[in-house]
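Asks: What follows is coords.txt, made up of compact mmCIF, C-alpha atoms (C1' of nucleotides):
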```txt
# COMPACT_ATOMS: atom_id res chain seq x y z
CA MET U 1 52.53 -38.79 -35.56
CA PRO U 2 55.13 -39.35 -38.08
CA GLU U 3 56.02 -36.46 -40.30
CA LEU U 4 59.45 -35.92 -41.81
CA PRO U 5 61.19 -35.20 -38.49
CA GLU U 6 59.84 -38.31 -36.79
CA VAL U 7 60.71 -40.49 -39.77
CA GLU U 8 64.19 -38.98 -39.98
CA VAL U 9 64.74 -39.40 -36.24
CA THR U 10 63.70 -43.03 -36.63
CA ARG U 11 66.14 -43.44 -39.49
CA LEU U 12 69.01 -41.86 -37.59
CA SER U 13 68.41 -44.07 -34.57
CA LEU U 14 68.37 -47.18 -36.68
CA ALA U 15 70.59 -46.92 -39.74
CA ASP U 16 74.03 -47.55 -38.26
CA ARG U 17 72.84 -50.36 -36.07
CA ILE U 18 70.96 -52.31 -38.71
CA ALA U 19 73.37 -51.82 -41.61
CA GLY U 20 74.90 -55.19 -42.42
CA ALA U 21 72.23 -57.17 -40.61
CA ARG U 22 71.24 -60.49 -42.16
CA ILE U 23 67.54 -61.35 -42.14
CA GLU U 24 66.87 -64.62 -40.33
CA SER U 25 63.09 -64.68 -40.23
CA VAL U 26 60.02 -62.51 -40.64
CA ARG U 27 56.85 -62.39 -38.57
CA MET U 28 53.71 -60.73 -39.86
CA GLY U 29 50.78 -59.62 -37.70
CA LYS U 30 47.51 -58.23 -38.98
CA PRO U 31 47.43 -56.83 -42.51
CA LEU U 32 48.77 -53.33 -42.96
CA ARG U 33 47.73 -50.89 -45.66
CA TRP U 34 49.12 -52.98 -48.50
CA PRO U 35 50.38 -56.52 -48.89
CA LEU U 36 54.12 -57.07 -48.53
CA GLY U 37 54.35 -57.96 -52.20
CA ILE U 38 56.68 -60.94 -51.73
CA ALA U 39 56.58 -64.14 -49.72
CA ALA U 40 57.99 -63.22 -46.32
CA ASP U 41 60.28 -66.25 -46.40
CA ALA U 42 61.87 -64.96 -49.58
CA LEU U 43 63.49 -62.19 -47.53
CA VAL U 44 65.39 -64.64 -45.36
CA GLY U 45 69.09 -64.61 -46.05
CA ARG U 46 69.13 -61.10 -47.49
CA THR U 47 71.16 -58.34 -45.89
CA VAL U 48 70.11 -54.82 -44.96
CA ARG U 49 72.64 -52.50 -46.54
CA ALA U 50 71.40 -49.05 -45.58
CA VAL U 51 68.38 -47.08 -44.46
CA ARG U 52 67.34 -44.07 -46.46
CA ARG U 53 64.36 -41.72 -46.27
CA ARG U 54 62.21 -40.31 -49.05
CA GLY U 55 59.48 -38.01 -47.77
CA LYS U 56 57.80 -39.96 -45.00
CA TYR U 57 58.93 -43.32 -46.37
CA LEU U 58 61.87 -45.25 -45.00
CA LEU U 59 63.77 -47.27 -47.58
CA LEU U 60 65.58 -50.33 -46.33
CA ASP U 61 68.10 -51.18 -49.03
CA LEU U 62 68.71 -54.89 -49.18
CA ASP U 63 71.48 -56.61 -51.08
CA ASP U 64 68.63 -57.65 -53.37
CA GLY U 65 65.66 -55.29 -53.59
CA LEU U 66 64.38 -52.90 -50.95
CA LEU U 67 61.62 -52.54 -48.38
CA LEU U 68 59.50 -49.39 -48.31
CA LEU U 69 58.21 -48.65 -44.82
CA HIS U 70 55.58 -46.09 -43.94
CA LEU U 71 54.47 -45.31 -40.40
CA GLY U 72 51.04 -43.97 -41.35
CA MET U 73 49.37 -42.09 -38.51
CA SER U 74 50.24 -44.26 -35.55
CA GLY U 75 53.26 -46.34 -36.49
CA SER U 76 56.61 -46.55 -34.80
CA LEU U 77 59.67 -48.68 -35.41
CA HIS U 78 61.92 -50.15 -32.79
CA PHE U 79 65.16 -52.03 -33.16
CA ALA U 80 66.73 -53.95 -30.32
CA PRO U 81 68.60 -57.19 -29.71
CA ARG U 82 65.56 -58.52 -27.90
CA GLN U 83 61.89 -57.60 -28.06
CA PRO U 84 59.00 -58.44 -25.76
CA ALA U 85 56.49 -60.99 -27.02
CA ALA U 86 54.61 -59.51 -29.95
CA GLY U 87 51.59 -57.46 -28.88
CA ALA U 88 48.28 -56.91 -30.62
CA HIS U 89 49.65 -53.97 -32.63
CA ASP U 90 53.00 -55.42 -33.64
CA HIS U 91 52.40 -56.16 -37.29
CA PHE U 92 55.84 -56.70 -38.73
CA ASP U 93 58.98 -58.14 -37.16
CA LEU U 94 62.22 -58.50 -39.04
CA TYR U 95 64.48 -60.85 -37.12
CA THR U 96 68.12 -60.28 -37.97
CA ASP U 97 71.48 -61.31 -36.57
CA ARG U 98 71.83 -57.75 -35.22
CA GLY U 99 68.43 -57.48 -33.58
CA ILE U 100 64.72 -57.37 -34.17
CA LEU U 101 63.13 -54.56 -36.16
CA ARG U 102 59.52 -54.21 -35.08
CA LEU U 103 56.73 -52.09 -36.53
CA ASN U 104 54.01 -51.23 -34.02
CA ASP U 105 50.99 -49.58 -35.61
CA PRO U 106 47.60 -49.57 -33.84
CA ARG U 107 45.69 -47.97 -36.69
CA ARG U 108 47.42 -49.93 -39.44
CA PHE U 109 47.59 -47.05 -41.89
CA GLY U 110 51.26 -47.89 -42.18
CA ALA U 111 52.84 -50.22 -44.69
CA VAL U 112 55.78 -52.45 -45.48
CA VAL U 113 56.15 -53.06 -49.19
CA TYR U 114 58.84 -54.96 -51.03
CA ALA U 115 60.15 -53.60 -54.31
CA ALA U 116 62.67 -55.35 -56.52
CA ALA U 117 64.26 -52.01 -57.37
CA GLU U 118 63.68 -48.33 -56.79
CA ASP U 119 62.49 -47.90 -60.37
CA SER U 120 60.16 -50.89 -60.25
CA ALA U 121 56.47 -50.24 -60.78
CA GLN U 122 55.76 -51.02 -57.13
CA ALA U 123 58.20 -48.37 -55.87
CA VAL U 124 57.31 -45.77 -58.46
CA LYS U 125 53.64 -46.03 -57.56
CA LEU U 126 54.47 -44.93 -54.01
CA LEU U 127 57.41 -42.62 -54.55
CA GLY U 128 56.83 -41.31 -58.05
CA ARG U 129 54.65 -38.32 -57.27
CA LEU U 130 56.66 -37.06 -54.31
CA GLY U 131 57.93 -33.51 -54.33
CA VAL U 132 61.32 -32.13 -53.42
CA GLU U 133 63.13 -32.92 -50.16
CA PRO U 134 62.88 -29.77 -48.04
CA LEU U 135 66.21 -30.19 -46.25
CA THR U 136 68.25 -30.43 -49.43
CA GLU U 137 69.59 -27.79 -51.79
CA ALA U 138 67.04 -28.97 -54.31
CA PHE U 139 64.38 -27.12 -52.30
CA ASP U 140 65.02 -24.04 -54.33
CA PRO U 141 63.27 -20.67 -53.86
CA VAL U 142 62.51 -20.02 -57.51
CA ALA U 143 61.04 -23.45 -58.16
CA PHE U 144 59.09 -23.37 -54.91
CA HIS U 145 57.52 -20.04 -55.73
CA ALA U 146 56.73 -21.20 -59.26
CA GLY U 147 55.12 -24.32 -57.79
CA LEU U 148 52.97 -22.29 -55.42
CA LYS U 149 51.98 -20.01 -58.30
CA ARG U 150 50.29 -22.78 -60.20
CA ARG U 151 48.17 -23.95 -57.26
CA HIS U 152 44.91 -22.31 -56.30
CA ALA U 153 44.24 -24.41 -53.19
CA PRO U 154 44.86 -22.98 -49.71
CA VAL U 155 48.59 -22.98 -48.99
CA LYS U 156 48.24 -25.29 -45.98
CA GLN U 157 46.76 -27.98 -48.17
CA VAL U 158 49.40 -27.50 -50.84
CA LEU U 159 52.07 -28.08 -48.20
CA LEU U 160 50.27 -31.21 -46.99
CA ALA U 161 49.76 -32.61 -50.47
CA GLY U 162 53.42 -33.56 -50.70
CA ASP U 163 53.74 -33.25 -54.45
CA LEU U 164 55.47 -29.87 -54.26
CA VAL U 165 57.56 -30.44 -51.13
CA VAL U 166 57.56 -33.64 -49.05
CA GLY U 167 57.53 -34.37 -45.36
CA VAL U 168 55.37 -31.52 -44.07
CA GLY U 169 52.43 -32.98 -42.17
CA ASN U 170 49.67 -31.49 -40.12
CA ILE U 171 51.76 -30.27 -37.19
CA TYR U 172 54.62 -28.74 -39.14
CA ALA U 173 52.40 -27.17 -41.79
CA SER U 174 50.68 -25.06 -39.14
CA GLU U 175 54.00 -24.31 -37.47
CA ALA U 176 55.78 -23.29 -40.66
CA LEU U 177 52.94 -21.01 -41.74
CA PHE U 178 53.02 -19.35 -38.34
CA LEU U 179 56.76 -18.76 -38.60
CA ALA U 180 56.29 -17.31 -42.07
CA GLY U 181 53.39 -15.12 -40.93
CA ILE U 182 51.09 -16.55 -43.60
CA ARG U 183 47.40 -17.32 -43.12
CA PRO U 184 46.82 -21.05 -43.85
CA THR U 185 43.75 -20.28 -45.94
CA LEU U 186 45.64 -18.03 -48.36
CA ARG U 187 45.54 -19.42 -51.91
CA ALA U 188 49.04 -20.66 -52.77
CA SER U 189 48.99 -18.80 -56.09
CA ARG U 190 48.66 -15.48 -54.28
CA ILE U 191 51.90 -15.80 -52.33
CA SER U 192 54.49 -13.26 -53.42
CA ARG U 193 58.08 -14.18 -54.15
CA PRO U 194 59.41 -12.75 -50.85
CA ARG U 195 56.72 -14.50 -48.84
CA ALA U 196 57.41 -17.77 -50.65
CA GLU U 197 61.04 -17.41 -49.67
CA LYS U 198 59.99 -16.78 -46.10
CA LEU U 199 57.83 -19.89 -46.15
CA ARG U 200 60.61 -21.97 -47.64
CA ALA U 201 62.95 -20.86 -44.87
CA ALA U 202 60.28 -21.54 -42.24
CA VAL U 203 59.64 -25.07 -43.51
CA ARG U 204 63.34 -25.86 -43.43
CA ASP U 205 63.80 -24.25 -40.03
CA VAL U 206 60.91 -25.98 -38.32
CA LEU U 207 61.72 -29.40 -39.75
CA ALA U 208 65.41 -29.15 -38.91
CA ARG U 209 64.73 -28.00 -35.37
CA ALA U 210 62.20 -30.79 -34.89
CA VAL U 211 64.75 -33.38 -36.00
CA ALA U 212 67.21 -31.91 -33.52
CA LYS U 213 64.64 -32.25 -30.74
CA GLY U 214 63.92 -35.89 -31.56
CA GLY U 215 60.62 -35.15 -33.28
CA SER U 216 57.24 -34.59 -31.63
CA THR U 217 55.85 -37.14 -29.20
CA LEU U 218 52.13 -36.41 -29.00
CA ARG U 219 50.96 -39.85 -28.04
CA ASP U 220 53.43 -42.62 -28.32
CA PHE U 221 56.10 -41.76 -30.84
CA SER U 222 59.61 -42.73 -30.01
CA SER U 223 62.72 -43.37 -32.06
CA ALA U 224 63.97 -46.84 -32.92
CA ASP U 225 65.96 -46.87 -29.71
CA GLY U 226 63.01 -45.73 -27.62
CA GLN U 227 63.75 -42.02 -27.17
CA ALA U 228 60.76 -39.68 -26.96
CA GLY U 229 60.76 -36.39 -28.89
CA TYR U 230 60.37 -32.95 -27.38
CA PHE U 231 59.53 -30.62 -30.23
CA GLN U 232 55.82 -30.51 -29.33
CA LEU U 233 56.79 -28.47 -26.28
CA GLU U 234 57.97 -25.73 -28.62
CA ALA U 235 54.91 -25.67 -30.84
CA MET U 236 53.79 -22.10 -31.47
CA VAL U 237 50.24 -22.87 -32.57
CA TYR U 238 49.65 -26.58 -33.07
CA ASP U 239 47.09 -27.96 -30.60
CA ARG U 240 46.93 -24.57 -28.87
CA ALA U 241 43.39 -23.52 -29.79
CA GLY U 242 42.22 -20.74 -27.47
CA LEU U 243 45.60 -20.38 -25.80
CA PRO U 244 47.52 -17.12 -26.14
CA CYS U 245 49.87 -16.77 -29.09
CA ARG U 246 53.41 -17.08 -27.78
CA VAL U 247 54.36 -13.94 -29.69
CA CYS U 248 51.44 -11.51 -29.36
CA GLY U 249 49.06 -13.06 -26.86
CA THR U 250 46.08 -13.22 -29.22
CA ALA U 251 44.04 -16.41 -28.83
CA VAL U 252 45.16 -19.09 -31.26
CA LYS U 253 42.41 -20.07 -33.66
CA SER U 254 41.51 -23.55 -34.88
CA ILE U 255 39.73 -24.20 -38.15
CA ARG U 256 39.20 -27.23 -40.35
CA GLN U 257 40.74 -27.59 -43.79
CA GLY U 258 40.22 -30.79 -45.75
CA GLN U 259 39.00 -32.59 -42.63
CA ARG U 260 42.19 -31.77 -40.72
CA ALA U 261 42.65 -29.26 -37.94
CA THR U 262 44.63 -26.10 -38.73
CA TYR U 263 45.95 -23.72 -36.09
CA PHE U 264 47.03 -20.12 -36.59
CA CYS U 265 47.30 -16.77 -34.87
CA PRO U 266 44.79 -14.33 -36.41
CA ASN U 267 47.05 -11.43 -35.53
CA CYS U 268 50.48 -12.74 -36.55
CA GLN U 269 49.05 -14.34 -39.68
CA LYS U 270 46.77 -11.66 -41.04
CA SER U 271 46.82 -12.76 -44.68
C1' DA G 272 45.43 -30.87 -64.27
C1' DA G 273 43.95 -29.71 -59.97
C1' DA G 274 40.89 -29.76 -56.06
C1' DA G 275 37.78 -31.78 -52.83
C1' DG G 276 35.91 -35.89 -50.40
C1' DC G 277 36.17 -40.49 -48.92
C1' DC G 278 38.09 -43.99 -46.75
C1' DC G 279 41.24 -47.41 -44.43
C1' DC G 280 41.60 -48.60 -38.60
C1' DT G 281 41.93 -48.37 -33.46
C1' DG G 282 41.94 -45.98 -29.14
C1' DG G 283 41.47 -42.09 -26.15
C1' DA G 284 38.76 -38.17 -24.58
C1' DT G 285 34.39 -36.20 -23.91
C1' DG G 286 29.51 -35.94 -23.10
C1' DC G 287 25.03 -37.75 -21.77
C1' DT V 288 29.69 -47.63 -15.30
C1' DG V 289 28.06 -47.83 -20.09
C1' DC V 290 27.47 -46.21 -24.59
C1' DA V 291 27.62 -42.92 -28.46
C1' DT V 292 30.20 -39.49 -30.73
C1' DC V 293 34.16 -37.12 -32.21
C1' DC V 294 38.89 -36.70 -33.03
C1' DA V 295 43.85 -38.09 -34.13
C1' DG V 296 50.48 -37.13 -36.61
C1' DG V 297 48.69 -39.89 -43.66
C1' DG V 298 47.75 -40.41 -48.21
C1' DG V 299 46.01 -43.14 -52.18
C1' DC V 300 41.92 -43.33 -54.81
C1' DT V 301 37.66 -41.66 -56.84
C1' DT V 302 34.82 -38.10 -58.12
C1' DT V 303 34.06 -33.34 -59.54
```
Let me see whether you can do it: turn the structure in this file into C-alpha cells.
Replies:
Amino acid sequence: MPELPEVEVTRLSLADRIAGARIESVRMGKPLRWPLGIAADALVGRTVRAVRRRGKYLLLDLDDGLLLLHLGMSGSLHFAPRQPAAGAHDHFDLYTDRGILRLNDPRRFGAVVYAAAEDSAQAVKLLGRLGVEPLTEAFDPVAFHAGLKRRHAPVKQVLLAGDLVVGVGNIYASEALFLAGIRPTLRASRISRPRAEKLRAAVRDVLARAVAKGGSTLRDFSSADGQAGYFQLEAMVYDRAGLPCRVCGTAVKSIRQGQRATYFCPNCQKS
DNA sequence: AAAAGCCCCTGGATGC
DNA sequence: TGCATCCAGGGGCTTT
C-alpha cells in the first residue's frame, strides 16, 4: 500500500498531534523486518520532537536519537488517545502522554529501527542510497534526465528502484508513465530530454494529487487518524487490466516487470 | 556499476 | 466445504 503519498498522508495526520509527546512505555509484537536496535525500555522518558519523511520512511525525531519507521507492503500507523487491545498484527505500540502510536502490519515487511543520529551507520544503511525527493525543487529536470541516461533498465523499474527518485511505488509508477505517455518497458537511457521533463512533471503531479486525496486505499490503508484515501478511484491504468483506457478506450494491458504487475495503455503509451 | 532474481510474511481471491 | 495456487502497495541482499 504505502508509497510516498500514503506515507506523507500518515505523516500529516500524525505530526502535529505527536510532537512533544513523552514516551511512557513500548510494546512489541512479533518481529518486524529488522530488530529495533535498542532495548525498548531505553526509549522510555524520551520525547518525540517531530515527524519527518524521507522516501517511504517516516523519521520520528526524538530529543535523543530517532526512530525510522517503514510500512512495508501492508503496514499502517494509527495514533489515538486510546487503542483497542492489541491484535495479532499490531507489532509496535508507543505509549505516550499524548496517545498511543500503533503499527499494524500483517505481512511484517515493515520496520521500526532506532538510530542514535541521522548520520549513524544504522540510519545511513537505510537512507544512504535514496534518490531525490520528487516534491522538492531538488527534483531537477537536467539531473533527472542525466540520471535516466545512465540507466539501461526499463524506465518503470528505474522509477521503482528509488535510487534516482524516491517514493514512486508500483501504483504511481504506472500512473506517472501513463500521464507522460511513455511505455513502461522503454529503456530509461532512450528517453529524450523533453520526455524526461514530461515524466518528471507527471511524477510530481500524480504524487501531489494522491497526497491531496488522502492516498490510495486498496485494502486497508488509512491515515493515522483513520481516514481512508480516495486516489485509487482516479487511477488511469493501475489495476484496470482489460478495462477501457479512460482517454482513448483501448483495453488497458497488464504485463509483468521484475515480478511486479505493470499497467499501461498500448495506444496512449506507444513507445 | 548496474541489472535481475530471490526472499521475507500473511491473507484474500480464485479454481478445482 | 476444503485445499492448492497465485497474487498483493517494498526493498535489501545476493548473484550475474
Asks: When the cut-off is 8 Å and we count all atoms listed in the file, which residues of chain U are near chain V, given as a list in words?
Replies: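 The answer, sorted by residue number, is Met1, Pro2, Glu3, Gly72, Met73, Ser74, Phe109, Gly169, Asn170, Ile171 and Leu218 of chain U.
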Asks: Determine, counting all atoms listed in the file, which protein, DNA and RNA residues have an atom within 6 Å of an atom of Leu77 of chain U; residues of the same chain fewer than 3 positions away are not included. Present the result as a PyMOL selection string.
Replies: chain U and resi 102-103+224
Asks: Could you give me, as a VMD selection string, the residues within 8 Å of segment 220-222 of chain U, counting all atoms listed in the file and dropping anything in the same chain fewer than 3 positions from it?
Replies: chain U and resid 1 to 2 6 10 74 to 76 216 to 217 225 to 229
Asks: Show me, as a PyMOL selection string, every residue of chain G with an atom at most 8 Å from chain U, counting all atoms listed in the file.
Replies: chain G and resi 273-275+279-281
Asks: Would you mind reading off the distance between atom CA of Leu186 of chain U and atom CA of Val132 of chain U, one decimal, in Å?
Replies: 21.7 Å
Asks: As an exercise, work out the distance from atom CA of Ala19 of chain U to atom CA of Gly167 of chain U in Å and give it to one decimal place.
Replies: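 Between atom CA of Ala19 of chain U and atom CA of Gly167 of chain U the gap works out to 23.9 Å.
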Asks: Mind listing whatever residues come within 9 Å of the point (68.3, -43.1, -44.4)? Use all atoms listed in the file, file coordinates, and give them as an mmCIF file with C-alpha atoms, keeping the file's coordinate frame.
Replies:
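See out_8.cif below for the written result:
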```cif
data_model
loop_
_atom_site.group_PDB
_atom_site.id
_atom_site.type_symbol
_atom_site.label_atom_id
_atom_site.label_comp_id
_atom_site.auth_asym_id
_atom_site.auth_seq_id
_atom_site.Cartn_x
_atom_site.Cartn_y
_atom_site.Cartn_z
ATOM 1 C CA GLU U 8 64.190 -38.980 -39.980
ATOM 2 C CA ARG U 11 66.140 -43.440 -39.490
ATOM 3 C CA LEU U 12 69.010 -41.860 -37.590
ATOM 4 C CA LEU U 14 68.370 -47.180 -36.680
ATOM 5 C CA ALA U 15 70.590 -46.920 -39.740
ATOM 6 C CA ALA U 50 71.400 -49.050 -45.580
ATOM 7 C CA VAL U 51 68.380 -47.080 -44.460
ATOM 8 C CA ARG U 52 67.340 -44.070 -46.460
ATOM 9 C CA ARG U 53 64.360 -41.720 -46.270
ATOM 10 C CA ARG U 54 62.210 -40.310 -49.050
ATOM 11 C CA LEU U 58 61.870 -45.250 -45.000
ATOM 12 C CA LEU U 59 63.770 -47.270 -47.580
ATOM 13 C CA LEU U 60 65.580 -50.330 -46.330
#
```
Asks: Tell me, in Å to one decimal, how far atom CA of Leu94 of chain U is from atom CA of Leu130 of chain U.
Replies: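 Separating atom CA of Leu94 of chain U from atom CA of Leu130 of chain U is a distance of 26.9 Å.
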Asks: What lies within 9 Å of segment 243-249 of chain U using only C-alpha atoms (C1' of nucleotides), ignoring chain neighbours under 5 positions off, as a PyMOL selection string?
Replies: chain U and resi 236-237+264-265+267-268
Asks: Store the residues picked out above in a file with C-alpha atoms, as an mmCIF file, in the frame of the given file.
Replies:
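Final output, result-v9.cif:
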```cif
data_model
loop_
_atom_site.group_PDB
_atom_site.id
_atom_site.type_symbol
_atom_site.label_atom_id
_atom_site.label_comp_id
_atom_site.auth_asym_id
_atom_site.auth_seq_id
_atom_site.Cartn_x
_atom_site.Cartn_y
_atom_site.Cartn_z
ATOM 1 C CA MET U 236 53.790 -22.100 -31.470
ATOM 2 C CA VAL U 237 50.240 -22.870 -32.570
ATOM 3 C CA PHE U 264 47.030 -20.120 -36.590
ATOM 4 C CA CYS U 265 47.300 -16.770 -34.870
ATOM 5 C CA ASN U 267 47.050 -11.430 -35.530
ATOM 6 C CA CYS U 268 50.480 -12.740 -36.550
#
```
